[in-house]
file query.cif (mmCIF, C-alpha atoms and all ligand atoms)
data_protein
loop_
_atom_site.label_atom_id
_atom_site.label_comp_id
_atom_site.auth_asym_id
_atom_site.auth_seq_id
_atom_site.Cartn_x
_atom_site.Cartn_y
_atom_site.Cartn_z
CA MET A 1 -34.13 -25.85 16.19
CA MET A 2 -31.73 -23.04 16.76
CA ALA A 3 -31.94 -20.03 14.45
CA LYS A 4 -28.88 -19.70 12.26
CA ILE A 5 -26.71 -16.86 13.46
CA GLN A 6 -25.79 -14.41 10.73
CA THR A 7 -22.09 -13.76 10.34
CA PRO A 8 -21.37 -10.06 10.82
CA GLN A 9 -20.21 -8.21 7.71
CA ALA A 10 -17.49 -5.59 7.56
CA VAL A 11 -18.75 -2.00 7.60
CA ARG A 12 -19.39 -0.77 4.04
CA GLY A 13 -16.40 1.04 2.61
CA THR A 14 -13.84 -0.61 4.93
CA GLN A 15 -11.18 -3.12 3.92
CA ASP A 16 -9.49 -6.10 5.55
CA MET A 17 -6.01 -6.15 4.09
CA PHE A 18 -3.93 -9.29 3.86
CA GLY A 19 -1.36 -10.82 1.56
CA GLU A 20 -0.36 -8.73 -1.41
CA THR A 21 -2.83 -5.94 -0.60
CA GLU A 22 -1.29 -5.54 2.83
CA GLU A 23 2.25 -5.81 1.47
CA ARG A 24 1.61 -3.02 -1.01
CA PHE A 25 0.16 -0.87 1.77
CA ALA A 26 3.11 -1.56 4.08
CA HIS A 27 5.56 -0.80 1.28
CA VAL A 28 4.03 2.65 0.77
CA VAL A 29 4.24 3.42 4.50
CA ALA A 30 7.82 2.13 4.83
CA THR A 31 8.95 4.13 1.81
CA PHE A 32 7.28 7.27 3.14
CA GLU A 33 8.89 6.78 6.56
CA ARG A 34 12.30 6.45 4.93
CA VAL A 35 11.89 9.42 2.61
CA ARG A 36 10.46 11.78 5.22
CA ARG A 37 13.51 11.08 7.42
CA LEU A 38 15.79 11.88 4.48
CA TYR A 39 14.15 15.31 4.42
CA GLY A 40 14.28 15.81 8.20
CA PHE A 41 10.55 15.59 8.86
CA LYS A 42 9.66 14.56 12.42
CA GLY A 43 6.96 11.96 13.02
CA LEU A 44 3.68 12.52 14.88
CA GLN A 45 1.13 10.23 16.50
CA LEU A 46 -2.24 11.94 16.85
CA PRO A 47 -5.72 11.07 18.09
CA VAL A 48 -8.19 9.57 15.62
CA ILE A 49 -10.98 11.47 17.40
CA GLU A 50 -11.11 15.26 17.70
CA PRO A 51 -13.73 17.76 18.87
CA THR A 52 -16.03 18.33 15.86
CA ALA A 53 -15.18 22.06 15.93
CA VAL A 54 -11.57 21.28 14.93
CA PHE A 55 -12.85 20.35 11.47
CA SER A 56 -15.95 22.53 11.11
CA ARG A 57 -13.99 25.67 12.03
CA SER A 58 -10.93 25.02 9.92
CA LEU A 59 -12.30 23.26 6.84
CA GLY A 60 -15.40 25.45 6.54
CA GLU A 61 -19.04 24.41 6.93
CA ALA A 62 -19.58 24.61 3.16
CA THR A 63 -17.05 21.95 2.20
CA ASP A 64 -18.19 18.49 1.12
CA VAL A 65 -16.18 16.97 3.93
CA VAL A 66 -17.86 18.94 6.73
CA SER A 67 -21.34 19.18 5.22
CA LYS A 68 -21.84 15.52 4.32
CA GLU A 69 -18.85 13.25 4.86
CA MET A 70 -17.95 13.42 8.56
CA TYR A 71 -18.51 10.65 11.08
CA SER A 72 -19.65 12.74 14.03
CA PHE A 73 -21.29 11.56 17.21
CA GLU A 74 -22.07 12.68 20.71
CA ASP A 75 -20.00 10.81 23.28
CA ARG A 76 -21.35 9.70 26.64
CA GLY A 77 -20.39 13.02 28.16
CA GLY A 78 -22.42 14.93 25.57
CA ASP A 79 -19.42 16.29 23.60
CA SER A 80 -19.54 16.33 19.82
CA ILE A 81 -16.69 14.16 18.56
CA THR A 82 -15.61 13.47 14.97
CA LEU A 83 -13.49 10.67 13.52
CA ARG A 84 -10.80 12.63 11.70
CA PRO A 85 -11.60 13.03 7.98
CA GLU A 86 -8.17 14.57 7.26
CA PHE A 87 -4.91 15.30 9.07
CA THR A 88 -4.19 18.98 8.64
CA ALA A 89 -6.79 20.37 11.03
CA GLY A 90 -5.78 17.96 13.80
CA ILE A 91 -2.10 18.81 13.31
CA ALA A 92 -2.94 22.52 13.57
CA ARG A 93 -4.93 21.80 16.72
CA ALA A 94 -2.01 19.87 18.23
CA TYR A 95 0.36 22.70 17.31
CA LEU A 96 -1.76 25.13 19.34
CA THR A 97 -2.60 22.74 22.19
CA ASN A 98 1.07 21.96 22.83
CA GLY A 99 2.51 25.41 22.22
CA TRP A 100 4.74 24.17 19.41
CA GLN A 101 5.12 27.77 18.17
CA GLN A 102 8.46 27.74 20.00
CA PHE A 103 9.75 25.10 17.54
CA ALA A 104 8.61 26.85 14.35
CA PRO A 105 9.26 26.23 11.56
CA MET A 106 8.33 22.56 12.09
CA LYS A 107 8.57 19.85 9.50
CA LEU A 108 6.02 17.20 10.48
CA SER A 109 4.77 13.94 9.07
CA VAL A 110 2.04 11.49 10.03
CA HIS A 111 0.13 8.57 8.57
CA GLY A 112 -2.92 6.58 9.60
CA PRO A 113 -6.63 6.00 9.08
CA LEU A 114 -9.17 8.67 8.13
CA PHE A 115 -12.94 8.43 7.86
CA ARG A 116 -15.32 9.94 5.33
CA TYR A 117 -18.90 8.95 4.64
CA GLU A 118 -18.59 8.67 0.84
CA ARG A 119 -19.98 6.35 -1.80
CA PRO A 120 -17.51 3.45 -1.83
CA GLN A 121 -15.95 2.56 -5.19
CA LYS A 122 -12.54 1.63 -6.54
CA GLY A 123 -9.98 3.85 -4.77
CA ARG A 124 -12.65 5.43 -2.55
CA TYR A 125 -13.39 4.04 0.90
CA ARG A 126 -15.09 5.15 4.10
CA GLN A 127 -12.05 4.22 6.13
CA PHE A 128 -8.99 5.07 4.10
CA HIS A 129 -5.41 5.94 4.97
CA GLN A 130 -3.08 8.78 4.17
CA ILE A 131 0.53 9.72 4.47
CA ASP A 132 0.85 13.41 5.21
CA ALA A 133 3.66 15.98 5.39
CA GLU A 134 3.41 19.56 6.61
CA ILE A 135 5.71 22.51 7.24
CA ILE A 136 4.23 24.84 9.84
CA GLY A 137 5.53 28.32 10.50
CA ALA A 138 7.35 28.84 7.19
CA ALA A 139 6.13 31.67 4.98
CA GLU A 140 8.77 31.25 2.28
CA PRO A 141 8.11 29.59 -1.09
CA ALA A 142 11.15 27.39 -0.33
CA ALA A 143 8.90 25.38 2.01
CA ASP A 144 6.41 24.73 -0.82
CA VAL A 145 9.30 23.67 -3.03
CA GLU A 146 10.76 21.30 -0.46
CA LEU A 147 7.41 19.54 0.05
CA LEU A 148 6.95 19.12 -3.69
CA VAL A 149 10.48 17.82 -4.19
CA MET A 150 9.86 15.31 -1.39
CA ALA A 151 6.54 14.20 -2.94
CA ASP A 152 8.27 13.80 -6.30
CA GLN A 153 11.05 11.69 -4.78
CA LEU A 154 8.53 9.54 -2.92
CA LEU A 155 6.64 8.75 -6.14
CA LYS A 156 9.93 7.95 -7.87
CA GLU A 157 11.05 5.64 -5.05
CA LEU A 158 7.72 3.84 -5.26
CA ALA A 159 8.34 3.66 -9.03
CA ILE A 160 4.87 5.02 -9.75
CA ASN A 161 5.93 8.39 -11.15
CA ASP A 162 5.43 7.15 -14.72
CA GLY A 163 2.18 8.63 -16.02
CA VAL A 164 1.76 10.76 -12.88
CA THR A 165 1.92 14.53 -13.45
CA LEU A 166 2.27 17.36 -10.99
CA GLN A 167 -0.41 19.94 -11.67
CA LEU A 168 0.25 23.28 -10.07
CA ASN A 169 -1.78 26.40 -9.50
CA THR A 170 -1.80 29.50 -7.36
CA LEU A 171 -4.87 30.78 -5.58
CA GLY A 172 -3.12 34.03 -4.74
CA ASP A 173 -2.95 35.81 -1.42
CA THR A 174 -6.16 36.79 0.36
CA PRO A 175 -6.85 40.01 -1.63
CA SER A 176 -6.15 38.24 -4.96
CA ARG A 177 -8.28 35.26 -4.05
CA ASP A 178 -11.16 37.45 -2.82
CA ALA A 179 -11.14 39.55 -6.03
CA TRP A 180 -11.03 36.42 -8.19
CA ARG A 181 -13.82 34.80 -6.17
CA ALA A 182 -16.03 37.87 -6.62
CA ALA A 183 -15.38 37.83 -10.38
CA LEU A 184 -16.22 34.12 -10.52
CA VAL A 185 -19.48 34.60 -8.61
CA GLY A 186 -20.49 37.40 -11.01
CA TYR A 187 -19.58 35.31 -14.05
CA PHE A 188 -21.33 32.14 -12.86
CA ASN A 189 -24.44 34.13 -11.93
CA ASP A 190 -24.53 35.39 -15.51
CA HIS A 191 -24.37 31.77 -16.76
CA LYS A 192 -26.63 30.12 -14.20
CA ASN A 193 -28.81 28.45 -16.84
CA ALA A 194 -25.81 26.52 -18.20
CA LEU A 195 -24.76 25.05 -14.83
CA SER A 196 -25.60 21.66 -13.34
CA GLU A 197 -27.75 21.49 -10.23
CA ASP A 198 -24.73 20.57 -8.10
CA SER A 199 -22.88 23.62 -9.35
CA LEU A 200 -25.84 25.90 -8.62
CA ALA A 201 -25.56 24.72 -5.03
CA ARG A 202 -21.78 25.28 -5.12
CA LEU A 203 -22.39 28.81 -6.37
CA GLU A 204 -24.07 29.57 -3.06
CA LYS A 205 -21.53 27.88 -0.84
CA ASN A 206 -18.20 27.21 -2.54
CA PRO A 207 -18.12 28.81 -6.03
CA LEU A 208 -14.46 27.91 -6.66
CA ARG A 209 -15.44 24.24 -6.71
CA ILE A 210 -17.41 24.79 -9.94
CA LEU A 211 -14.05 25.13 -11.69
CA ASP A 212 -13.12 21.49 -11.04
CA SER A 213 -16.61 20.07 -11.58
CA LYS A 214 -16.47 16.70 -13.35
CA ASP A 215 -19.99 17.15 -14.74
CA PRO A 216 -19.78 17.63 -18.55
CA THR A 217 -22.69 20.12 -18.31
CA ASP A 218 -20.45 22.51 -16.38
CA ARG A 219 -17.32 22.19 -18.49
CA PRO A 220 -17.95 24.87 -21.18
CA VAL A 221 -18.86 27.52 -18.59
CA ALA A 222 -16.12 26.42 -16.18
CA ASP A 223 -13.46 26.36 -18.90
CA ALA A 224 -14.27 29.94 -19.99
CA ALA A 225 -14.39 31.33 -16.43
CA PRO A 226 -12.15 34.20 -15.26
CA VAL A 227 -8.64 32.99 -14.40
CA ILE A 228 -6.72 33.85 -11.23
CA ASP A 229 -3.84 35.31 -13.28
CA ASP A 230 -5.86 38.48 -13.99
CA TYR A 231 -6.34 39.07 -10.25
CA LEU A 232 -2.94 38.18 -8.81
CA SER A 233 -1.23 40.90 -6.79
CA GLY A 234 2.46 41.54 -7.50
CA GLU A 235 3.34 39.77 -4.28
CA ALA A 236 1.29 36.71 -5.19
CA GLN A 237 2.90 36.61 -8.64
CA ASP A 238 6.36 36.74 -7.09
CA PHE A 239 5.48 33.94 -4.71
CA PHE A 240 4.27 31.65 -7.47
CA GLY A 241 7.31 32.56 -9.59
CA ALA A 242 9.63 31.55 -6.74
CA VAL A 243 7.86 28.19 -6.36
CA THR A 244 8.06 27.34 -10.05
CA ALA A 245 11.69 28.52 -10.26
CA GLY A 246 12.55 26.28 -7.28
CA LEU A 247 10.89 23.27 -8.89
CA ASP A 248 12.71 23.90 -12.16
CA ALA A 249 16.03 24.20 -10.33
CA ALA A 250 15.37 20.93 -8.47
CA GLY A 251 14.38 19.17 -11.70
CA VAL A 252 10.76 18.49 -10.73
CA ALA A 253 8.44 18.47 -13.76
CA TRP A 254 5.12 20.33 -13.40
CA THR A 255 2.28 21.67 -15.51
CA ARG A 256 0.03 24.64 -14.84
CA ASN A 257 -3.62 23.89 -14.20
CA ALA A 258 -5.47 27.18 -13.73
CA ALA A 259 -8.69 25.32 -12.79
CA LEU A 260 -7.13 23.47 -9.86
CA VAL A 261 -8.72 24.80 -6.66
CA ARG A 262 -8.71 21.96 -4.05
CA GLY A 263 -11.75 21.18 -1.95
CA LEU A 264 -10.96 22.97 1.25
CA ASP A 265 -11.51 26.66 1.94
CA TYR A 266 -8.27 27.38 3.71
CA TYR A 267 -5.86 27.27 0.78
CA ARG A 268 -3.83 30.33 -0.29
CA HIS A 269 -1.05 30.66 -2.87
CA THR A 270 0.19 27.24 -3.94
CA ALA A 271 -2.26 24.45 -4.72
CA PHE A 272 -1.18 21.20 -6.34
CA GLU A 273 -2.15 17.66 -7.19
CA PHE A 274 -0.24 14.70 -8.53
CA VAL A 275 -2.67 13.16 -10.99
CA THR A 276 -2.75 9.91 -12.96
CA ASP A 277 -5.11 8.52 -15.58
CA ARG A 278 -4.47 4.96 -14.36
CA LEU A 279 -7.09 4.98 -11.58
CA GLY A 280 -10.23 5.97 -13.49
CA ALA A 281 -12.25 8.68 -11.80
CA GLN A 282 -10.09 8.51 -8.65
CA GLY A 283 -7.10 10.06 -10.43
CA THR A 284 -5.69 12.28 -7.67
CA VAL A 285 -3.04 10.40 -5.72
CA LEU A 286 -1.50 13.26 -3.76
CA GLY A 287 -2.76 16.77 -3.13
CA GLY A 288 -1.98 19.79 -1.05
CA GLY A 289 -1.05 23.41 -0.87
CA ARG A 290 -0.51 26.40 1.35
CA TYR A 291 -3.01 27.12 4.12
CA ASP A 292 -1.80 30.30 5.77
CA GLY A 293 -5.22 31.11 7.29
CA LEU A 294 -6.03 27.80 8.95
CA ILE A 295 -4.36 28.15 12.33
CA GLU A 296 -5.87 31.62 12.75
CA ASN A 297 -9.32 30.15 11.99
CA LEU A 298 -8.73 27.82 14.94
CA GLY A 299 -8.10 30.78 17.22
CA GLY A 300 -4.31 30.73 17.05
CA PRO A 301 -1.86 33.39 15.89
CA ALA A 302 -1.43 33.99 12.16
CA THR A 303 0.80 31.10 11.10
CA PRO A 304 1.91 30.32 7.57
CA ALA A 305 1.86 26.63 6.67
CA VAL A 306 1.96 24.31 3.71
CA GLY A 307 1.47 20.57 3.31
CA TRP A 308 0.24 17.60 1.34
CA ALA A 309 -1.51 14.29 1.81
CA ALA A 310 -1.71 11.18 -0.33
CA GLY A 311 -4.08 8.23 -0.19
CA ILE A 312 -2.08 5.13 0.74
CA GLU A 313 -4.57 2.79 -0.98
CA ARG A 314 -4.32 4.75 -4.24
CA LEU A 315 -0.52 4.79 -4.16
CA ALA A 316 -0.51 1.08 -3.32
CA MET A 317 -2.72 0.25 -6.30
CA LEU A 318 -0.27 1.98 -8.65
CA ILE A 319 2.76 -0.06 -7.60
CA GLU A 320 3.72 -2.45 -10.37
CA GLN A 321 6.63 -4.30 -8.85
CA LEU A 322 6.59 -5.19 -5.17
CA PRO A 323 9.91 -5.91 -3.49
CA VAL A 324 10.22 -9.66 -2.83
CA GLN A 325 9.03 -10.63 0.63
CA GLN A 326 10.67 -14.01 1.25
CA LEU A 327 12.15 -15.46 4.36
CA GLU A 328 15.90 -15.74 4.00
CA ALA A 329 16.42 -18.94 5.97
CA MET A 330 14.10 -21.88 6.55
CA ILE A 331 14.89 -24.57 9.07
CA VAL A 332 13.69 -28.09 8.40
CA LEU A 333 13.40 -30.00 11.66
CA GLU A 334 14.14 -33.66 10.97
CA ASN A 335 12.92 -35.10 14.27
CA ASP A 336 11.31 -33.84 17.45
CA GLU A 337 14.47 -34.46 19.50
CA GLY A 338 16.09 -31.60 17.61
CA LEU A 339 13.49 -28.99 18.62
CA GLY A 340 15.75 -27.36 21.22
CA GLN A 341 18.56 -27.10 18.68
CA ALA A 342 16.15 -25.55 16.18
CA PHE A 343 14.94 -22.95 18.67
CA ALA A 344 18.53 -22.00 19.48
CA LEU A 345 19.49 -21.70 15.82
CA LEU A 346 16.37 -19.67 14.97
CA ARG A 347 17.18 -17.23 17.70
CA GLN A 348 20.77 -16.89 16.51
CA LEU A 349 19.68 -16.23 12.94
CA ARG A 350 17.06 -13.66 13.88
CA GLN A 351 19.40 -11.89 16.27
CA ALA A 352 21.87 -11.63 13.40
CA GLY A 353 19.17 -9.83 11.40
CA ILE A 354 18.33 -12.79 9.18
CA SER A 355 14.63 -13.52 8.71
CA ALA A 356 13.99 -17.16 9.49
CA ASP A 357 11.28 -19.66 10.30
CA MET A 358 11.05 -23.42 10.65
CA ILE A 359 8.95 -26.29 9.49
CA ALA A 360 8.48 -28.69 12.37
CA THR A 361 5.12 -30.33 11.72
CA GLY A 362 3.76 -32.79 9.20
CA SER A 363 5.46 -35.91 7.91
CA PRO A 364 9.26 -35.56 8.24
CA LYS A 365 9.66 -36.61 4.61
CA LYS A 366 7.48 -33.78 3.35
CA ARG A 367 9.03 -31.05 5.48
CA TYR A 368 11.90 -30.44 3.13
CA ASP A 369 9.52 -30.07 0.17
CA LYS A 370 7.42 -27.61 2.12
CA ALA A 371 10.50 -25.52 2.81
CA VAL A 372 11.50 -25.58 -0.86
CA LYS A 373 8.04 -24.29 -1.80
CA GLN A 374 8.60 -21.12 0.24
CA ASN A 375 11.67 -20.41 -1.85
CA PRO A 376 14.02 -19.19 0.90
CA ALA A 377 17.62 -18.29 0.11
CA ALA A 378 18.83 -21.12 2.34
CA ILE A 379 17.38 -24.28 3.88
CA LEU A 380 18.99 -25.64 7.05
CA ARG A 381 18.52 -29.19 8.32
CA VAL A 382 18.37 -29.66 12.08
CA ASN A 383 18.14 -32.84 14.20
CA GLU A 384 19.08 -33.86 17.73
CA HIS A 385 22.78 -33.49 16.89
CA GLY A 386 22.25 -29.91 15.89
CA TYR A 387 22.48 -28.13 12.64
CA TYR A 388 24.28 -30.22 10.10
CA GLY A 389 24.02 -28.69 6.68
CA PHE A 390 22.38 -26.20 4.46
CA SER A 391 21.47 -25.83 0.84
CA GLY A 392 21.31 -22.61 -1.06
CA GLU A 393 23.43 -20.75 -3.50
CA ASP A 394 27.03 -20.52 -2.36
CA THR A 395 27.39 -16.77 -2.60
CA ASN A 396 29.23 -14.15 -0.62
CA SER A 397 25.97 -12.77 0.76
CA PRO A 398 25.78 -11.76 4.44
CA LEU A 399 23.41 -14.68 4.95
CA MET A 400 25.75 -17.28 3.49
CA ASN A 401 28.74 -15.86 5.29
CA PHE A 402 26.84 -16.05 8.54
CA LEU A 403 25.87 -19.66 7.90
CA LYS A 404 29.45 -20.54 7.07
CA SER A 405 30.62 -18.91 10.28
CA LEU A 406 28.12 -21.07 12.20
CA ALA A 407 29.37 -24.17 10.49
CA ALA A 408 33.00 -23.37 11.18
P1 LIG A 501 -11.30 13.38 -4.26
O1 LIG A 501 -11.43 14.52 -5.22
O2 LIG A 501 -10.76 12.11 -4.87
O3 LIG A 501 -12.50 13.17 -3.40
P2 LIG A 501 -10.21 14.97 -2.13
O4 LIG A 501 -9.95 16.30 -2.72
O5 LIG A 501 -11.43 14.76 -1.30
O6 LIG A 501 -10.14 13.83 -3.26
P3 LIG A 501 -8.11 15.21 -0.23
O7 LIG A 501 -8.99 15.62 0.86
O8 LIG A 501 -7.23 16.20 -0.86
O9 LIG A 501 -8.94 14.46 -1.34
O10 LIG A 501 -7.21 13.96 0.23
C1 LIG A 501 -5.93 13.71 -0.35
C2 LIG A 501 -5.85 12.32 -0.93
O11 LIG A 501 -6.45 11.36 -0.09
C3 LIG A 501 -6.57 12.15 -2.25
O12 LIG A 501 -5.80 12.62 -3.30
C4 LIG A 501 -6.74 10.65 -2.31
O13 LIG A 501 -5.54 10.01 -2.72
C5 LIG A 501 -7.00 10.30 -0.88
N1 LIG A 501 -8.44 10.15 -0.61
C6 LIG A 501 -9.35 11.12 -0.34
N2 LIG A 501 -10.56 10.59 -0.08
C7 LIG A 501 -10.41 9.24 -0.17
C8 LIG A 501 -11.28 8.11 0.00
N3 LIG A 501 -12.57 8.28 0.35
N4 LIG A 501 -10.79 6.87 -0.18
C9 LIG A 501 -9.49 6.69 -0.52
N5 LIG A 501 -8.60 7.69 -0.69
C10 LIG A 501 -9.05 8.96 -0.51
MG MG A 502 -13.32 13.93 -1.64
#

call {"tool": "encode", "arguments": {"input": "query.cif", "output": "structure tokens"}}
result
Amino acid sequence: MMAKIQTPQAVRGTQDMFGETEERFAHVVATFERVRRLYGFKGLQLPVIEPTAVFSRSLGEATDVVSKEMYSFEDRGGDSITLRPEFTAGIARAYLTNGWQQFAPMKLSVHGPLFRYERPQKGRYRQFHQIDAEIIGAAEPAADVELLVMADQLLKELAINDGVTLQLNTLGDTPSRDAWRAALVGYFNDHKNALSEDSLARLEKNPLRILDSKDPTDRPVADAAPVIDDYLSGEAQDFFGAVTAGLDAAGVAWTRNAALVRGLDYYRHTAFEFVTDRLGAQGTVLGGGRYDGLIENLGGPATPAVGWAAGIERLAMLIEQLPVQQLEAMIVLENDEGLGQAFALLRQLRQAGISADMIATGSPKKRYDKAVKQNPAAILRVNEHGYYGFSGEDTNSPLMNFLKSLAA
């Protein structure tokens, strides 16, 4: 007897999307593509694989992403390659590789799959997808404002802004951030015995992360920690003031969250997250900030930059009402002799921008019922004499006018 072959399973933390799940996903991407064009952001297509150093050098060895979440491997030539865990570092790499300095400031956007070795749960996958927008080479707070206004409009166009709040913080310029960091390290060292084990490890590597610890053990100490406001230079204060004034002028609602630090080391000045309580523990749908030091870390010239990324799956889950995805016209073929006529008509409809399909199999009697089930705006009957009639609401829609012009 032959051994039963086991069907392969999908890799843990990956998804096969179809039907409504896929339609939600596609709706997020299409809306992003439309909105980013409204704001004059150019598109990018980038490699999924990068040299490992692109991420380790720019994100920092101490970050969760680099220290435990990357999919890295040696390729057959012996080079260390990583499946991108985020977009920003790869965009910065492309900026340097291609000498895009000449085009600065650049407004760029990209979307696609990312890979992180995390514990899969609702809203958290090992292959997930992001939309991402960046402005590279702009030092002014106006760039931060524009990105936030765009994010706000995107959430409104997806109709998921209800219950989503923009939380905003400043991490200051480098001197402010360094002084604050030193104060935090001193403070947390004085309260070591009240910190969780995870936070004790963070204290060594990434002390700012203790501030946004979700462990209840850490909350009292974290909530009473020194705040950035006491360490902000005049320049950093002005910068943050210009960002909040711009948001107010544009009518974008925000709240201050002094504990918001973001996971990656390269942030300066503005840091922000759009947060919801509708996704359980995975409440951050969109996050970003200013990363003026990143391109320099990669060996490039000092280059100011700011950007954000949002998880497509998380945005897709929040959508309540999907736009209807029905075919506009359905052809019912009444006999096989009419197949040529049906092909010709289908082509005409589709070339006129009308979505159309046909039902040409199964018992001729049942074909009409099958078409009705799909609920198209119009059903057209076709036989060997051609197209001879349609049913559907007699409106002045482009579809009906086109059908009438065919009939005439
Ligand atoms: P979290 O705190 O949820 O781990 P993060 O700080 O690691 O988020 P970023 O690196 O800022 O997330 O990525 C931006 C966005 O990408 C997140 O707000 C989220 O919407 C999405 N995202 C991040 N990791 C995942 C994942 N593993 N699965 C699905 N979406 C993700
Ligand atoms: Mg994470």

call {"tool": "closest_residue", "arguments": {"input": "query.cif", "among": "A:Tyr266, A:Phe87, A:Tyr117, A:Phe73", "to": "A:Arg12", "atoms": "only C-alpha atoms"}}
result
A:Tyr117

call {"tool": "atom_distance", "arguments": {"input": "query.cif", "atom1": "atom O12 of ligand LIG 501 (chain A)", "atom2": "atom CA of A:Lys156"}}
result
17.0 Å

call {"tool": "closest_atom_pairs", "arguments": {"input": "query.cif", "of": "chain A", "to": "ligand LIG 501 (chain A)", "cutoff": "9 Å", "atoms": "only C-alpha atoms and all ligand atoms", "output": "JSON lines"}}
result
{"residue": "A:Gly13", "atom": "CA", "partner": "A:LIG501", "partner_atom": "N3", "distance": 8.5}
{"residue": "A:Asp64", "atom": "CA", "partner": "A:LIG501", "partner_atom": "O5", "distance": 8.1}
{"residue": "A:Val65", "atom": "CA", "partner": "A:LIG501", "partner_atom": "O5", "distance": 7.4}
{"residue": "A:Pro85", "atom": "CA", "partner": "A:LIG501", "partner_atom": "O7", "distance": 8.0}
{"residue": "A:Glu86", "atom": "CA", "partner": "A:LIG501", "partner_atom": "O7", "distance": 6.5}
{"residue": "A:Leu114", "atom": "CA", "partner": "A:LIG501", "partner_atom": "C7", "distance": 8.4}
{"residue": "A:Phe115", "atom": "CA", "partner": "A:LIG501", "partner_atom": "N3", "distance": 7.5}
{"residue": "A:Arg116", "atom": "CA", "partner": "A:LIG501", "partner_atom": "N3", "distance": 5.9}
{"residue": "A:Tyr117", "atom": "CA", "partner": "A:LIG501", "partner_atom": "N3", "distance": 7.7}
{"residue": "A:Glu118", "atom": "CA", "partner": "A:LIG501", "partner_atom": "N3", "distance": 6.1}
{"residue": "A:Arg119", "atom": "CA", "partner": "A:LIG501", "partner_atom": "N3", "distance": 8.0}
{"residue": "A:Pro120", "atom": "CA", "partner": "A:LIG501", "partner_atom": "N3", "distance": 7.2}
{"residue": "A:Gln121", "atom": "CA", "partner": "A:LIG501", "partner_atom": "N4", "distance": 8.4}
{"residue": "A:Lys122", "atom": "CA", "partner": "A:LIG501", "partner_atom": "N4", "distance": 8.4}
{"residue": "A:Gly123", "atom": "CA", "partner": "A:LIG501", "partner_atom": "C9", "distance": 5.1}
{"residue": "A:Arg124", "atom": "CA", "partner": "A:LIG501", "partner_atom": "N4", "distance": 3.3}
{"residue": "A:Tyr125", "atom": "CA", "partner": "A:LIG501", "partner_atom": "N4", "distance": 4.0}
{"residue": "A:Arg126", "atom": "CA", "partner": "A:LIG501", "partner_atom": "N3", "distance": 5.5}
{"residue": "A:Gln127", "atom": "CA", "partner": "A:LIG501", "partner_atom": "N4", "distance": 7.0}
{"residue": "A:Phe128", "atom": "CA", "partner": "A:LIG501", "partner_atom": "C9", "distance": 4.9}
{"residue": "A:His129", "atom": "CA", "partner": "A:LIG501", "partner_atom": "N5", "distance": 6.7}
{"residue": "A:Gln130", "atom": "CA", "partner": "A:LIG501", "partner_atom": "O11", "distance": 6.0}
{"residue": "A:Ile131", "atom": "CA", "partner": "A:LIG501", "partner_atom": "O11", "distance": 8.5}
{"residue": "A:Asp132", "atom": "CA", "partner": "A:LIG501", "partner_atom": "C1", "distance": 8.8}
{"residue": "A:Arg262", "atom": "CA", "partner": "A:LIG501", "partner_atom": "O4", "distance": 5.9}
{"residue": "A:Gly263", "atom": "CA", "partner": "A:LIG501", "partner_atom": "O4", "distance": 5.3}
{"residue": "A:Leu264", "atom": "CA", "partner": "A:LIG501", "partner_atom": "O7", "distance": 7.6}
{"residue": "A:Glu273", "atom": "CA", "partner": "A:LIG501", "partner_atom": "O12", "distance": 7.3}
{"residue": "A:Phe274", "atom": "CA", "partner": "A:LIG501", "partner_atom": "O12", "distance": 7.9}
{"residue": "A:Val275", "atom": "CA", "partner": "A:LIG501", "partner_atom": "O12", "distance": 8.3}
{"residue": "A:Ala281", "atom": "CA", "partner": "A:LIG501", "partner_atom": "O2", "distance": 7.9}
{"residue": "A:Gln282", "atom": "CA", "partner": "A:LIG501", "partner_atom": "O2", "distance": 5.3}
{"residue": "A:Gly283", "atom": "CA", "partner": "A:LIG501", "partner_atom": "O2", "distance": 7.0}
{"residue": "A:Thr284", "atom": "CA", "partner": "A:LIG501", "partner_atom": "O12", "distance": 4.4}
{"residue": "A:Val285", "atom": "CA", "partner": "A:LIG501", "partner_atom": "O13", "distance": 3.9}
{"residue": "A:Leu286", "atom": "CA", "partner": "A:LIG501", "partner_atom": "O12", "distance": 4.4}
{"residue": "A:Gly287", "atom": "CA", "partner": "A:LIG501", "partner_atom": "O8", "distance": 5.0}
{"residue": "A:Gly288", "atom": "CA", "partner": "A:LIG501", "partner_atom": "O8", "distance": 6.4}
{"residue": "A:Trp308", "atom": "CA", "partner": "A:LIG501", "partner_atom": "C1", "distance": 7.5}
{"residue": "A:Ala309", "atom": "CA", "partner": "A:LIG501", "partner_atom": "C1", "distance": 5.0}
{"residue": "A:Ala310", "atom": "CA", "partner": "A:LIG501", "partner_atom": "C2", "distance": 4.3}
{"residue": "A:Gly311", "atom": "CA", "partner": "A:LIG501", "partner_atom": "O13", "distance": 3.4}
{"residue": "A:Ile312", "atom": "CA", "partner": "A:LIG501", "partner_atom": "O13", "distance": 6.9}
{"residue": "A:Glu313", "atom": "CA", "partner": "A:LIG501", "partner_atom": "C9", "distance": 6.3}
{"residue": "A:Arg314", "atom": "CA", "partner": "A:LIG501", "partner_atom": "O13", "distance": 5.6}
{"residue": "A:Leu315", "atom": "CA", "partner": "A:LIG501", "partner_atom": "O13", "distance": 7.4}

call {"tool": "closest_residue", "arguments": {"input": "query.cif", "among": "A:Arg84, A:Arg381, A:Lys404, A:His191", "to": "A:Ala224", "atoms": "only C-alpha atoms"}}
result
A:His191

call {"tool": "residues_around", "arguments": {"input": "query.cif", "residues": "stretch 231-233 of chain A", "least_positions_apart": "6", "cutoff": "6 Å", "atoms": "all atoms listed in the file", "output": "compact mmCIF listing (two decimals) with C-alpha atoms, in the frame of the given file"}}
result
# COMPACT_ATOMS: atom_id res chain seq x y z
CA GLY A 172 -3.12 34.03 -4.74
CA SER A 176 -6.15 38.24 -4.96
CA TRP A 180 -11.03 36.42 -8.19
